[in-house]
Structure formats: structure tokens, C-alpha cells
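**Q** Provided herewith: data_39.txt, compact mmCIF, C-alpha atoms.
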```
# COMPACT_ATOMS: atom_id res chain seq x y z
CA MET G 376 -77.02 -61.43 -89.52
CA ASN G 377 -75.83 -58.38 -87.62
CA LEU G 378 -76.48 -58.13 -83.93
CA VAL G 379 -77.00 -54.65 -82.48
CA VAL G 380 -76.51 -54.25 -78.73
CA SER G 381 -76.50 -51.20 -76.48
CA ALA G 382 -73.25 -49.73 -75.17
CA PRO G 383 -73.89 -50.92 -71.58
CA ALA G 384 -74.70 -54.42 -72.84
CA ALA G 385 -71.53 -54.45 -74.92
CA GLN G 386 -69.48 -53.35 -71.92
CA ARG G 387 -71.00 -56.09 -69.75
CA ALA G 388 -70.25 -58.63 -72.47
CA ALA G 389 -66.68 -57.35 -72.69
CA TRP G 390 -66.18 -57.79 -68.93
CA SER G 391 -67.66 -61.29 -69.21
CA GLY G 392 -65.13 -61.94 -71.96
CA VAL G 393 -62.33 -60.72 -69.70
CA ARG G 394 -63.36 -63.23 -67.03
CA VAL G 395 -63.57 -66.03 -69.58
CA GLU G 396 -60.11 -65.23 -70.93
CA ILE G 397 -58.63 -65.09 -67.41
CA ILE G 398 -59.95 -68.63 -66.89
CA THR G 399 -58.47 -69.62 -70.27
CA VAL G 400 -55.04 -68.17 -69.49
CA VAL G 401 -54.85 -69.79 -66.04
CA TRP G 402 -56.02 -73.14 -67.40
CA MET G 403 -53.54 -73.08 -70.28
CA LEU G 404 -50.69 -72.39 -67.88
CA ILE G 405 -51.66 -75.43 -65.80
CA GLU G 406 -52.47 -77.64 -68.77
CA GLY G 407 -49.26 -76.80 -70.60
CA ALA G 408 -47.04 -77.43 -67.60
CA VAL G 409 -48.68 -80.75 -66.72
CA ALA G 410 -48.89 -82.02 -70.31
CA ILE G 411 -45.33 -81.14 -71.28
CA GLY G 412 -43.92 -82.53 -68.03
CA ALA G 413 -45.95 -85.73 -68.31
CA GLY G 414 -45.17 -86.06 -72.01
CA LEU G 415 -41.43 -85.81 -71.48
CA ALA G 416 -41.57 -88.25 -68.58
CA ALA G 417 -43.56 -90.80 -70.62
CA HIS G 418 -41.64 -90.12 -73.87
CA SER G 419 -45.02 -89.35 -75.45
CA LEU G 420 -44.81 -87.18 -78.56
CA LEU G 421 -48.56 -86.51 -78.77
CA LEU G 422 -48.85 -85.61 -75.10
CA THR G 423 -45.88 -83.24 -75.37
CA ALA G 424 -47.42 -81.72 -78.50
CA PHE G 425 -50.67 -81.31 -76.58
CA GLY G 426 -48.75 -79.26 -74.03
CA LEU G 427 -47.19 -77.14 -76.77
CA ASP G 428 -50.69 -76.56 -78.13
CA SER G 429 -51.57 -75.15 -74.72
CA GLY G 430 -48.70 -72.69 -75.07
CA ILE G 431 -50.03 -71.49 -78.43
CA GLU G 432 -53.51 -71.08 -76.99
CA LEU G 433 -52.00 -69.21 -74.05
CA VAL G 434 -50.69 -66.60 -76.49
CA ALA G 435 -54.10 -66.27 -78.13
CA GLY G 436 -55.85 -66.06 -74.76
CA GLY G 437 -53.46 -63.39 -73.52
CA ILE G 438 -54.04 -61.26 -76.63
CA LEU G 439 -57.79 -61.66 -76.32
CA LEU G 440 -57.65 -60.70 -72.65
CA TRP G 441 -55.90 -57.46 -73.60
CA ARG G 442 -58.35 -56.78 -76.45
CA LEU G 443 -61.41 -57.29 -74.26
CA ARG G 444 -60.04 -55.14 -71.45
CA GLN G 445 -59.71 -52.31 -73.98
CA GLN G 446 -63.43 -52.46 -74.73
CA ALA G 447 -64.52 -53.19 -71.17
CA GLN G 448 -62.70 -50.06 -69.96
CA GLN G 449 -64.50 -48.04 -72.64
CA ARG G 450 -61.39 -46.96 -74.46
CA ALA G 451 -61.77 -44.94 -77.66
CA LEU G 452 -63.39 -46.89 -80.49
CA GLU G 453 -60.21 -46.51 -82.52
CA GLN G 454 -58.24 -48.25 -79.78
CA VAL G 455 -60.75 -51.10 -79.57
CA ALA G 456 -60.71 -51.51 -83.36
CA LEU G 457 -56.90 -51.58 -83.37
CA ALA G 458 -56.90 -54.14 -80.55
CA GLU G 459 -59.41 -56.24 -82.47
CA ARG G 460 -57.31 -56.23 -85.64
CA ARG G 461 -54.14 -57.15 -83.80
CA ALA G 462 -55.89 -59.92 -81.87
CA ALA G 463 -57.50 -61.28 -85.05
CA TRP G 464 -54.07 -61.54 -86.72
CA VAL G 465 -52.54 -63.28 -83.70
CA VAL G 466 -55.38 -65.81 -83.52
CA ALA G 467 -55.08 -66.52 -87.26
CA ILE G 468 -51.35 -67.11 -86.84
CA THR G 469 -51.81 -69.38 -83.81
CA LEU G 470 -54.42 -71.48 -85.63
CA THR G 471 -51.97 -71.89 -88.51
CA LEU G 472 -49.24 -72.91 -86.07
CA LEU G 473 -51.61 -75.54 -84.69
CA CYS G 474 -51.99 -76.99 -88.19
CA GLY G 475 -48.24 -77.07 -88.62
CA TYR G 476 -47.36 -78.72 -85.36
CA ILE G 477 -50.09 -81.36 -85.71
CA SER G 478 -48.86 -82.24 -89.22
CA ALA G 479 -45.20 -82.34 -88.19
CA SER G 480 -45.86 -84.35 -85.03
CA ALA G 481 -47.99 -86.92 -86.86
CA ALA G 482 -45.46 -87.29 -89.68
CA LEU G 483 -42.60 -87.77 -87.21
CA SER G 484 -44.59 -90.39 -85.32
CA VAL G 485 -45.24 -92.34 -88.52
CA LEU G 486 -41.62 -92.16 -89.65
CA THR G 487 -40.29 -93.34 -86.29
CA ARG G 488 -43.15 -95.80 -85.62
CA HIS G 489 -43.37 -94.15 -82.23
CA VAL G 490 -45.66 -95.83 -79.68
CA PRO G 491 -46.75 -93.40 -76.92
CA GLU G 492 -46.76 -94.59 -73.34
CA ILE G 493 -49.67 -94.10 -70.96
CA SER G 494 -49.35 -91.21 -68.52
CA LEU G 495 -51.96 -90.89 -65.79
CA PRO G 496 -51.28 -87.18 -65.12
CA GLY G 497 -51.46 -86.49 -68.84
CA LEU G 498 -54.68 -88.43 -69.28
CA GLY G 499 -56.15 -86.65 -66.27
CA ILE G 500 -55.45 -83.17 -67.63
CA ALA G 501 -56.73 -84.26 -71.04
CA ALA G 502 -59.96 -85.55 -69.48
CA LEU G 503 -60.57 -82.18 -67.85
CA ALA G 504 -59.91 -80.46 -71.17
CA VAL G 505 -62.44 -82.66 -72.97
CA VAL G 506 -65.12 -81.50 -70.54
CA GLY G 507 -64.12 -77.91 -69.85
CA MET G 508 -62.91 -76.58 -73.21
CA PRO G 509 -66.21 -77.02 -75.09
CA LEU G 510 -67.98 -75.09 -72.33
CA LEU G 511 -65.46 -72.25 -72.65
CA ALA G 512 -65.78 -72.32 -76.44
CA TRP G 513 -69.58 -72.11 -76.22
CA ARG G 514 -69.37 -69.07 -73.96
CA LYS G 515 -66.77 -67.41 -76.17
CA ARG G 516 -68.95 -67.87 -79.24
CA GLN G 517 -71.87 -66.27 -77.42
CA LEU G 518 -69.78 -63.26 -76.44
CA ALA G 519 -68.17 -63.06 -79.89
CA ARG G 520 -71.59 -62.72 -81.46
CA THR G 521 -72.60 -60.01 -79.01
CA LEU G 522 -69.37 -58.06 -79.46
CA GLY G 523 -68.88 -58.77 -83.16
CA SER G 524 -65.38 -60.05 -82.41
CA ALA G 525 -63.62 -62.16 -85.04
CA ALA G 526 -60.71 -62.65 -82.67
CA LEU G 527 -62.88 -64.02 -79.87
CA ARG G 528 -64.63 -66.31 -82.32
CA GLY G 529 -61.24 -67.58 -83.44
CA ASP G 530 -60.20 -68.14 -79.85
CA ALA G 531 -63.33 -70.25 -79.39
CA ALA G 532 -62.00 -72.41 -82.22
CA CYS G 533 -58.73 -72.73 -80.31
CA SER G 534 -60.66 -73.99 -77.28
CA LEU G 535 -62.43 -76.57 -79.43
CA THR G 536 -59.06 -77.55 -80.84
CA CYS G 537 -57.82 -78.21 -77.32
CA ALA G 538 -60.83 -80.42 -76.57
CA ALA G 539 -60.49 -82.33 -79.85
CA MET G 540 -56.78 -82.88 -79.30
CA ALA G 541 -57.50 -84.16 -75.81
CA ALA G 542 -60.10 -86.55 -77.21
CA THR G 543 -57.64 -87.64 -79.90
CA LEU G 544 -55.06 -88.32 -77.23
CA PHE G 545 -57.46 -90.55 -75.30
CA LEU G 546 -58.70 -92.44 -78.33
CA GLY G 547 -55.26 -92.89 -79.84
CA LEU G 548 -53.83 -94.33 -76.64
CA ALA G 549 -56.88 -96.59 -76.20
CA LEU G 550 -56.58 -98.03 -79.71
CA THR G 551 -52.85 -98.47 -79.33
CA ALA G 552 -53.27 -100.26 -76.00
CA ARG G 553 -56.18 -102.44 -77.16
CA PHE G 554 -55.18 -103.31 -80.71
CA HIS G 555 -51.49 -102.32 -80.74
CA TRP G 556 -52.16 -99.88 -83.60
CA TRP G 557 -49.04 -97.76 -83.20
CA TRP G 558 -50.22 -95.41 -85.99
CA ALA G 559 -53.70 -94.73 -84.53
CA ASP G 560 -52.96 -91.46 -82.73
CA SER G 561 -51.06 -90.06 -85.74
CA LEU G 562 -53.87 -90.95 -88.13
CA MET G 563 -56.50 -89.28 -85.95
CA SER G 564 -54.35 -86.19 -85.57
CA LEU G 565 -54.17 -85.84 -89.36
CA ALA G 566 -57.91 -86.45 -89.72
CA PHE G 567 -58.52 -83.64 -87.23
CA LEU G 568 -56.95 -81.18 -89.67
CA GLY G 569 -60.18 -81.44 -91.65
CA PHE G 570 -61.68 -79.27 -88.92
CA LEU G 571 -58.74 -77.06 -88.16
CA VAL G 572 -57.60 -76.02 -91.65
CA PRO G 573 -60.94 -74.39 -92.63
CA GLU G 574 -60.97 -72.59 -89.27
CA ALA G 575 -57.49 -71.20 -89.87
CA ARG G 576 -58.31 -70.16 -93.46
CA ALA G 577 -61.45 -68.29 -92.36
CA ALA G 578 -59.54 -66.62 -89.53
CA TRP G 579 -56.97 -65.33 -92.04
CA ASP G 580 -59.77 -64.00 -94.25
CA GLY G 581 -61.33 -62.14 -91.34
CA ALA G 582 -58.00 -60.68 -90.23
CA ARG G 583 -57.16 -59.45 -93.75
CA GLN G 584 -60.58 -57.82 -94.08
CA GLY G 585 -60.06 -55.95 -90.83
CA ARG G 586 -63.63 -56.47 -89.72
CA ALA G 587 -65.60 -58.73 -87.40
CA ALA G 588 -66.03 -62.08 -89.09
CA CYS G 589 -66.33 -65.45 -87.48
CA ALA G 590 -63.30 -67.70 -87.65
CA CYS G 591 -65.56 -70.50 -88.85
CA GLY G 592 -66.95 -68.31 -91.59
CA ALA G 593 -70.54 -68.47 -90.32
CA ASP G 594 -72.74 -65.67 -91.59
CA ASP G 595 -74.92 -65.32 -88.52
CA CYS G 596 -72.24 -64.00 -86.21
CA ASP G 597 -70.79 -61.08 -88.09
CA GLY G 598 -70.65 -57.88 -86.13
```
Now, as a test, write the supplied structure out as C-alpha cells.
**A**
Amino acid sequence: MNLVVSAPAAQRAAWSGVRVEIITVVWMLIEGAVAIGAGLAAHSLLLTAFGLDSGIELVAGGILLWRLRQQAQQRALEQVALAERRAAWVVAITLTLLCGYISASAALSVLTRHVPEISLPGLGIAALAVVGMPLLAWRKRQLARTLGSAALRGDAACSLTCAAMAATLFLGLALTARFHWWWADSLMSLAFLGFLVPEARAAWDGARQGRAACACGADDCDG
């Protein structure tokens, strides 16, 4: 289903997107620094990987911020289209990198029988991500539908990825602490790929087509 909006409404939505991406970029800077620092201190592979995930999402958020500023400042349609295509490719690549690092991290944990330690700063930042990232993703999906932006839709998937990884971190550590299942966090990380791989595949399809198409492949949010 195509959604037609007026030029002023599209510009307002673009500025709203700029504000959302500024929040995303600032949060990812904080989240990445805290998670990586806490992960290294606690010798926690999953927590460190969670911080690296924040770095990947920071790249996607920065590209989206640039893309949305192009439209919000009413640049030529050709410039906005070019920005959209570039942003869509970057988001597709970052989603693929997420798949790769989750797979590699989980495999390494299994091979080394690594048991992550509990880190209060890490759990705190993950708790905030569990609550805040779905709200950001919901807003991004709204704006993506209004703007017909495949890249923004893909970035919403990145935000959901952050929330799911944070939830995985919590649950994995809880099962490990309660039942001493050293493999629990690795298993849940691999299970999470069932969500992420289709998102990445659809994002690649949208980027190759060079048109607005949702990263999740939904038909009701094409531009």
C-alpha cells in the first residue's frame, strides 16, 4: 500500500526523523562505550559483542541522519534519492555484519566453553536498551512509512536488534547463573538469527532495487 503525503508533511516527518536519529547516535555512543568497557572488565564475550553491535548501529544511524537532513532541508529530489540509495546499502551491510558477528561470537563461546561474568554496568545499559530501543524502532517505522524510506525501515530493524540482543544478554546470564548452563547465551544468540537473517535479506533486496521497500519485506509500507 502506497502512502501519499504532502510536501510539508514529508518535510515535518523528515525533521522528526532527524531528531530520532540524533537520539539514536547519542545513545549508541554511550551504549557502545559502556558495554565494551564493562565487557572487557568482566571478560564477557557477549557483552563486548553487544558493544560492538552498538558501533555498527552507530554507523547506520549516522548515515540515516545525513539522509534525513537532505530531505528535511528540501534538497533536490535527485539528491534525496541518492542519499536514500546510499543509506539503504549501508543499512543492508550493517545488518549483514550483525549476522556475522553474532554467529562468530556464539561459535567461539561454544568452542571455548566460555562462561560470561555478571557486570552491573553492562546489565544496566542493557536494561535501558530493552525499554528504549523498541520505542525508537516503533517511531522509525512510522516515519519510514510516511517517507517511503527503506533505509529508515532497516534502521528500525537495527534498533529492534539492539533490544533483542539486550534481552538475550539478560536471559543468557540469568540461565547461566541459575542453572549453570554455560551454553545458554550462545544458543539464544544463534536462535535470534531467525529474526535477523530475513531482515538482512530483505534489506539487500530493497537496496538492489533502488526503491523504497521495507527491510522486513512488508507490503504495506512501500513508498
**Q** Applying 8 Å and only C-alpha atoms, which residues near Leu511 in chain G remain after dropping the ones on its own chain fewer than 3 positions away? List them as a ChimeraX atom specification.
**A** /G:395,399,507-508,514-515,531,534
**Q** CA of Val506 in chain G to CA of Phe545 in chain G: how many Å, to one decimal?
**A**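 Value for the CA of Val506 in chain G-CA of Phe545 in chain G distance: 12.8 Å.
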**Q** Please, what distance in Å, to one decimal, runs between CA of Ala413 in chain G and CA of Gly529 in chain G?
**A** 28.1 Å
**Q** At what distance in Å, to one decimal, does CA of Arg528 in chain G lie from CA of Trp390 in chain G?
**A**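 So the answer is 15.9 Å.
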**Q** For a quick check of understanding, using all atoms listed in the file, which of G:Leu510, G:Trp464, G:Leu422, G:Ala384 has the smallest distance to Val434 in chain G?
**A**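 Of G:Leu510, G:Trp464, G:Leu422, G:Ala384, the one nearest Val434 in chain G, counting all atoms listed in the file, is G:Trp464.
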**Q** Contacts of range 440-450 of chain G at 6 Å or less, counting only C-alpha atoms, minus same-chain residues fewer than 4 places along, as a PyMOL selection string?
**A** chain G and resi 386+389-390+393+396+455+458
**Q** Which residues are close to range 487-491 of chain G, i.e. within 7 Å by all atoms listed in the file, leaving aside same-chain residues fewer than 2 positions away? Reply as a list in words.
**A** His418, Ser419, Leu420, Leu483, Ser484, Val485, Ile493 and Trp557 of chain G
**Q** My list of candidates is G:Ala435, G:Ala479, G:Cys537, G:Ala385. Which is closest to Arg520 in chain G when distances are computed with only C-alpha atoms?
**A**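 Of G:Ala435, G:Ala479, G:Cys537, G:Ala385, the one nearest Arg520 in chain G is G:Ala385, counting only C-alpha atoms.
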**Q** Of the candidates G:Thr551, G:Gln517, G:Thr543, G:Ser480, which shows the shortest atom-to-atom distance to Met563 in chain G, using only C-alpha atoms?
**A**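 Result for the nearest residue to Met563 in chain G: G:Thr543.
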**Q** Which residue, G:Cys474, G:Leu427, G:Leu421, G:Met403, has the smallest gap to Arg576 in chain G when you use all atoms listed in the file?
**A**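 Comparing G:Cys474, G:Leu427, G:Leu421, G:Met403 against Arg576 in chain G, the winner is G:Cys474.
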**Q** Could you list, as a VMD selection string, every residue within 9 Å of Leu562 in chain G, counting all atoms listed in the file and ignoring same-chain residues fewer than 5 positions away?
**A** chain G and resid 481 485 547 567
**Q** Keeping C-alpha atoms for every residue in the selection just given, could you write it to a file as a CSV table (one decimal), in the coordinates of the input?
**A**
```csv
chain,number,residue,atom,x,y,z
G,481,ALA,CA,-48.0,-86.9,-86.9
G,485,VAL,CA,-45.2,-92.3,-88.5
G,547,GLY,CA,-55.3,-92.9,-79.8
G,567,PHE,CA,-58.5,-83.6,-87.2
```
